[in-house]
Each structure stands twice: as structure tokens, then as C-alpha cells.
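This is run-v3.txt (compact mmCIF, C-alpha atoms).
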# COMPACT_ATOMS: atom_id res chain seq x y z
CA MET O 25 -14.76 -8.83 35.30
CA GLU O 26 -16.74 -7.66 32.29
CA GLU O 27 -18.49 -10.38 30.29
CA ASP O 28 -20.31 -10.75 26.99
CA GLU O 29 -23.51 -8.66 26.88
CA GLY O 30 -25.78 -11.72 26.93
CA ASP O 31 -23.85 -13.68 29.54
CA TYR O 32 -25.51 -12.88 32.87
CA GLU O 33 -27.85 -14.41 35.42
CA ILE O 34 -29.42 -11.39 37.13
CA LEU O 35 -30.52 -7.98 35.89
CA ILE O 36 -30.31 -5.13 38.40
CA LYS O 37 -31.57 -1.64 37.54
CA LEU O 38 -30.04 1.28 39.41
CA VAL O 39 -30.38 5.06 39.33
CA ILE O 40 -27.78 7.65 40.38
CA LEU O 41 -29.21 10.75 42.08
CA GLY O 42 -27.70 13.96 43.40
CA ASP O 43 -27.18 17.65 42.71
CA VAL O 44 -25.78 19.05 39.49
CA SER O 45 -22.03 18.56 39.00
CA VAL O 46 -21.44 16.09 41.83
CA GLY O 47 -19.90 13.71 39.27
CA LYS O 48 -22.73 11.27 38.53
CA SER O 49 -21.91 10.87 34.85
CA ASN O 50 -18.18 10.39 35.35
CA PHE O 51 -18.90 7.93 38.16
CA LEU O 52 -20.98 5.91 35.70
CA PHE O 53 -18.43 6.22 32.88
CA ARG O 54 -15.62 5.11 35.18
CA PHE O 55 -17.56 1.99 36.16
CA VAL O 56 -18.77 1.04 32.69
CA ASP O 57 -16.02 2.32 30.36
CA GLY O 58 -13.08 2.91 32.70
CA GLN O 59 -12.98 6.54 31.57
CA PHE O 60 -12.99 9.98 33.16
CA ASN O 61 -13.75 13.24 31.36
CA PRO O 62 -12.34 16.32 33.16
CA VAL O 63 -14.58 18.59 31.07
CA HIS O 64 -18.05 18.61 32.65
CA VAL O 65 -20.98 18.15 30.27
CA ALA O 66 -24.31 18.36 32.07
CA THR O 67 -26.72 15.47 31.60
CA VAL O 68 -29.97 16.55 29.96
CA GLY O 69 -32.90 14.56 31.31
CA PHE O 70 -31.31 11.16 31.80
CA ASP O 71 -28.94 8.66 30.22
CA PHE O 72 -27.96 5.12 31.00
CA LYS O 73 -25.34 2.47 30.42
CA SER O 74 -24.88 -1.18 31.36
CA ARG O 75 -22.11 -3.51 32.42
CA ILE O 76 -21.94 -7.17 33.40
CA CYS O 77 -19.89 -8.08 36.47
CA GLU O 78 -19.50 -11.00 38.79
CA ILE O 79 -20.47 -10.50 42.42
CA GLN O 80 -17.90 -12.82 43.91
CA ASN O 81 -19.57 -13.29 47.30
CA LEU O 82 -22.68 -14.60 45.54
CA LYS O 83 -20.86 -16.22 42.61
CA LYS O 84 -23.39 -14.66 40.25
CA LYS O 85 -22.97 -12.72 37.01
CA VAL O 86 -25.04 -9.56 37.24
CA LYS O 87 -26.00 -7.10 34.53
CA PHE O 88 -26.14 -3.61 35.99
CA GLN O 89 -28.40 -1.25 34.06
CA ILE O 90 -27.67 2.21 35.46
CA TRP O 91 -29.65 5.39 34.89
CA ASP O 92 -27.80 8.69 35.20
CA THR O 93 -30.09 11.62 35.94
CA ALA O 94 -29.84 15.38 35.69
CA GLY O 95 -29.67 17.09 39.06
CA GLN O 96 -31.90 20.02 38.12
CA GLU O 97 -35.24 20.39 39.90
CA LYS O 98 -37.11 20.47 36.58
CA TYR O 99 -36.14 16.84 35.97
CA MET O 100 -37.45 15.59 39.30
CA SER O 101 -40.58 14.21 37.60
CA ILE O 102 -38.36 11.96 35.46
CA ASN O 103 -36.71 10.67 38.61
CA LYS O 104 -40.13 9.88 40.08
CA ASN O 105 -40.95 7.68 37.10
CA LEU O 106 -37.58 5.94 37.31
CA PHE O 107 -38.10 5.13 40.98
CA GLN O 108 -40.74 2.61 39.99
CA ARG O 109 -38.36 0.78 37.63
CA VAL O 110 -35.22 0.46 39.73
CA GLN O 111 -34.13 -1.89 42.50
CA GLY O 112 -31.39 0.27 43.97
CA ILE O 113 -30.33 3.91 44.31
CA ILE O 114 -26.93 5.59 44.46
CA LEU O 115 -27.26 8.97 46.18
CA MET O 116 -24.24 11.19 45.60
CA TYR O 117 -22.74 14.42 46.87
CA ASP O 118 -19.47 16.22 46.17
CA ILE O 119 -17.15 16.44 49.18
CA SER O 120 -15.93 19.82 47.86
CA LYS O 121 -19.42 21.36 47.59
CA GLU O 122 -21.25 21.96 50.85
CA ASP O 123 -24.60 22.61 49.17
CA SER O 124 -24.61 19.16 47.57
CA PHE O 125 -24.30 17.65 51.05
CA LEU O 126 -26.90 19.93 52.63
CA ASN O 127 -29.37 19.00 49.88
CA LEU O 128 -29.19 15.28 50.75
CA ASP O 129 -32.19 15.64 53.06
CA LYS O 130 -34.23 16.89 50.11
CA TRP O 131 -33.14 13.96 47.97
CA LEU O 132 -33.88 11.46 50.72
CA GLN O 133 -37.35 12.90 51.21
CA ASN O 134 -38.04 12.59 47.50
CA ILE O 135 -36.80 9.01 47.53
CA LYS O 136 -38.98 8.11 50.51
CA GLU O 137 -42.05 9.61 48.83
CA ASN O 138 -41.59 7.87 45.49
CA SER O 139 -39.58 4.66 45.82
CA ASN O 140 -40.57 1.25 47.09
CA GLU O 141 -38.02 1.17 49.90
CA CYS O 142 -35.29 -0.11 47.59
CA PRO O 143 -31.70 -0.32 48.90
CA LEU O 144 -29.69 2.89 48.94
CA ILE O 145 -25.98 3.68 49.14
CA LEU O 146 -24.57 7.15 49.86
CA ILE O 147 -21.43 8.17 47.96
CA GLY O 148 -19.19 11.11 48.84
CA ASN O 149 -17.63 11.61 45.42
CA LYS O 150 -14.40 13.41 44.45
CA SER O 151 -12.38 12.14 47.41
CA ASP O 152 -9.29 13.02 45.37
CA LEU O 153 -9.97 16.75 45.96
CA ILE O 154 -8.10 16.81 49.25
CA LYS O 155 -7.37 20.53 49.38
CA GLU O 156 -10.88 21.51 48.24
CA ARG O 157 -12.67 19.28 50.76
CA LYS O 158 -15.59 20.97 52.53
CA ILE O 159 -17.34 17.89 53.95
CA SER O 160 -15.36 15.58 56.23
CA LYS O 161 -15.59 11.83 56.00
CA GLU O 162 -17.01 11.82 59.53
CA GLN O 163 -19.88 14.08 58.42
CA GLY O 164 -20.75 11.65 55.66
CA GLU O 165 -20.54 8.70 58.03
CA ASN O 166 -22.75 10.42 60.60
CA PHE O 167 -25.38 11.35 58.03
CA ALA O 168 -25.46 7.78 56.73
CA LYS O 169 -25.68 6.35 60.24
CA LYS O 170 -28.53 8.71 61.15
CA ASN O 171 -30.48 7.60 58.08
CA ASN O 172 -29.47 3.93 58.31
CA ILE O 173 -27.79 3.75 54.92
CA ILE O 174 -24.42 2.50 53.68
CA PHE O 175 -21.72 5.09 53.01
CA LEU O 176 -18.53 5.18 50.98
CA GLU O 177 -16.24 7.93 49.78
CA ALA O 178 -15.12 7.46 46.20
CA SER O 179 -13.42 9.14 43.27
CA ALA O 180 -14.56 8.89 39.68
CA LYS O 181 -11.26 10.49 38.66
CA ASN O 182 -8.93 7.80 40.01
CA GLY O 183 -11.48 4.99 40.34
CA PHE O 184 -11.28 4.68 44.13
CA ASN O 185 -14.25 2.68 45.47
CA VAL O 186 -16.26 3.10 42.25
CA GLU O 187 -16.55 -0.60 41.41
CA LYS O 188 -16.90 -1.47 45.08
CA SER O 189 -19.94 0.83 45.32
CA PHE O 190 -21.84 -0.94 42.57
CA LEU O 191 -20.90 -4.44 43.65
CA LYS O 192 -21.81 -3.75 47.27
CA LEU O 193 -25.21 -2.35 46.32
CA GLY O 194 -25.81 -5.25 43.95
CA GLU O 195 -25.03 -7.75 46.69
CA ILE O 196 -27.43 -6.02 49.08
CA ILE O 197 -30.20 -6.04 46.49
CA CYS O 198 -29.77 -9.73 45.77
CA ASN O 199 -29.74 -10.63 49.44
CA LYS O 200 -32.74 -8.47 50.28
CA ASN O 201 -35.51 -10.00 48.23
CA GLU O 202 -34.67 -12.47 45.51
CA ASN O 203 -38.32 -13.23 44.72
CA ALA O 204 -39.15 -9.58 44.07
CA LEU O 205 -36.03 -9.21 41.94
CA ASP O 206 -37.02 -12.20 39.81
CA LYS O 207 -40.50 -10.77 39.30
CA MET O 208 -39.21 -7.37 38.16
CA ASN O 209 -36.73 -8.94 35.77
CA LYS O 210 -39.45 -10.64 33.73
CA THR O 211 -39.81 -7.32 31.89
CA GLU O 212 -36.46 -6.05 30.68
CA TYR O 213 -35.47 -2.74 29.16
CA VAL O 214 -33.10 -3.81 26.42
CA ILE O 215 -30.13 -1.58 25.61
CA SER O 216 -28.37 -1.56 22.26
CA LYS O 217 -24.59 -1.77 22.15
CA ASN O 218 -24.28 2.03 21.91
CA THR O 219 -26.73 2.42 24.83
CA THR O 220 -28.91 4.89 22.93
CA LEU O 221 -31.76 2.77 21.55
CA ILE O 222 -34.34 1.56 24.03
CA LYS O 223 -37.33 -0.72 23.66
CA ASN O 224 -39.50 -2.61 26.09
CA LYS O 225 -40.08 -6.31 25.59
CA LYS O 226 -40.88 -9.46 27.52
CA ASN O 227 -37.82 -11.33 28.58
CA LYS O 228 -38.20 -14.63 26.81
CA ASP O 229 -35.30 -16.27 28.59
CA LYS O 230 -36.14 -16.11 32.25
CA LYS O 231 -33.05 -15.38 34.34
CA ASN O 232 -32.35 -17.22 37.54
CA CYS O 233 -32.35 -14.95 40.52
CA CYS O 234 -29.85 -14.70 43.39
What does this structure look like when you write it as C-alpha cells?
Amino acid sequence: MEEDEGDYEILIKLVILGDVSVGKSNFLFRFVDGQFNPVHVATVGFDFKSRICEIQNLKKKVKFQIWDTAGQEKYMSINKNLFQRVQGIILMYDISKEDSFLNLDKWLQNIKENSNECPLILIGNKSDLIKERKISKEQGENFAKKNNIIFLEASAKNGFNVEKSFLKLGEIICNKNENALDKMNKTEYVISKNTTLIKNKKNKDKKNCC
């Protein structure tokens, strides 16, 4: 599904939020690079990667630009700034860590206070940890239903539902407001091939929206 870096029609910017060690970075690496690192290395501040996929239901090639954030409270101000740049949010907890689920209310409140009502998907990560599970699938489903958001359980380790999560959110974003998406995409944050160099520029080649 991955295409050449310049071969896409729509740019969608996402951010992954959640407590420390819920698996945000590995979730991103699995989607972009097809990799999983069992040794946890905490994200400092934020990082991001990109991948081009085709959303089959829309028959559109989409470039996902995904920001991975640190879960520490001291980086919340960075998240607030990112809220104004993204069109979708992945909110994540670890099914084996009760605190990460209990803190979802805090994350949702922060999102409501700082985002522009962009689409949100809730991910119960590490579904492969069957014996260590602390949060049932039903609990995740009930929380999502109460807050009117989409929910999936997934596993960055074995790839279960990882790609589906991004493609589903991308489809929702495109269907929600194609005019707003087109307007935001006129200014693009360009990522180098190693995803470490960033610069802001006007997008000279206007992309067609959904």
C-alpha cells in the first residue's frame, strides 16, 4: 500500500496521545516501518513520521503525517500547540495498565479544551497481553460509547488493527469536512526522508481533497 513520497492526493496530520508507555511510538513504527521494538525508549517532547496509503473506500492516496508525543504532564503544552495543526487524534491506553485507562478522562478534557472538534479514535493497545489484561474490551467499548467516539483494540507487537486504525480515522476525516481539509493542506509541514528535518513552506502544488 505504500507509495512514493510525492505520490499522494491528500495530506492528513494526526497526533497520538496517551500516558507514558502505552505503546504510542511502537504503534507508529509498526504502521510506518512495519517494526516493533520490545525495548521501550521514552519519547522526549515529540517525534513524527509519515506514510502514504490508499484509502480503498474513497479510492484516494493519502499521506499520513503522524506526531508521536510524550505522555508526561510537562509536555502537555506541546500537545496544545499540536492540536491546532492536526485533523485527527488517536487516543491510546494500555489494556494491561489500569491507570492509563482511568486517565482517559483527563486526556479527553484536554482535547476538548484545545482542539477544534477534530475526529478522534480510541485505541486499547497491547491486546496481545492476554494474561496481563486489566481492562476488558467491554470497558473500552462502554467508555467510547459514552463519549461518542470510535474504539478498537490493537497490538503494535503483532500488528493487529494498527493499519485499520489509521485508515479508518483517515476515512472519517475525509468524509467529515473536505473543504476544511483542503484549506489546512495549503500549508504543509515537509518531512525529509529521515523524518528529522522540518521546515514550513507553502504548498505550491495544491492537492485535491477527498
>> Under the rule that all atoms listed in the file are counted, which of O:Ile113, O:Ile119, O:Leu35, O:Ile90 is the nearest residue to O:Phe53?
In response: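 Counting all atoms listed in the file, the residue closest to O:Phe53 is O:Ile90.
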> Pick from O:Phe167, O:Tyr117, O:Phe175, O:Phe125: nearest to O:Gly42, with all atoms listed in the file counted?
Replying inline: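 Of O:Phe167, O:Tyr117, O:Phe175, O:Phe125, the one nearest O:Gly42, counting all atoms listed in the file, is O:Tyr117.
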> Do you have the atom CA of O:Gly112-atom CA of O:Glu162 distance handy?
Replying inline: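 So the answer is 24.1 Å.
The two atoms in question, atom CA of O:Cys198 and atom CA of O:Glu141, are spaced 14.3 Å apart.
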>> Would you pick out the contacts of O:Ile40 at 8 Å or less, using only C-alpha atoms, so that residues sharing its chain but fewer than 4 positions from it are not included, and give the list as a ChimeraX atom specification?
In response: /O:48,90-93,113-116
> What separation in Å, quoted to one decimal, exists between atom CA of O:Leu38 and atom CA of O:Asn127?
Replying inline: 20.6 Å
> So which residues touch stretch 185-194 of chain O within 7 Å, counting all atoms listed in the file, skipping near sequence neighbours fewer than 4 positions away, as a list in words?
Replying inline: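 These residues fall inside the cut-off: Phe51, Phe55, Ile79, Ile145, Ala178, Ser179, Ala180 and Cys198 of chain O.
Distances from O:Leu126, O:Val39, O:Arg75, O:Lys84 to O:Arg54 were compared using only C-alpha atoms, and the smallest one belongs to O:Arg75.
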>> My list of candidates is O:Asn199, O:Leu41, O:Ser49, O:Asp152. Which is closest to O:Trp131 when distances are computed with all atoms listed in the file?
In response: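 That would be O:Leu41, the residue with the smallest distance to O:Trp131.
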> Pick from O:Ile34, O:Ala168, O:Leu106, O:Val86: nearest to O:Leu144, with all atoms listed in the file counted?
Replying inline: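 Answer, going by the shortest atom-to-atom distance: O:Ala168.
Proximity of O:Asp43, O:Glu165, O:Glu195, O:Glu177 to O:Glu78, computed with all atoms listed in the file, is greatest for O:Glu195.
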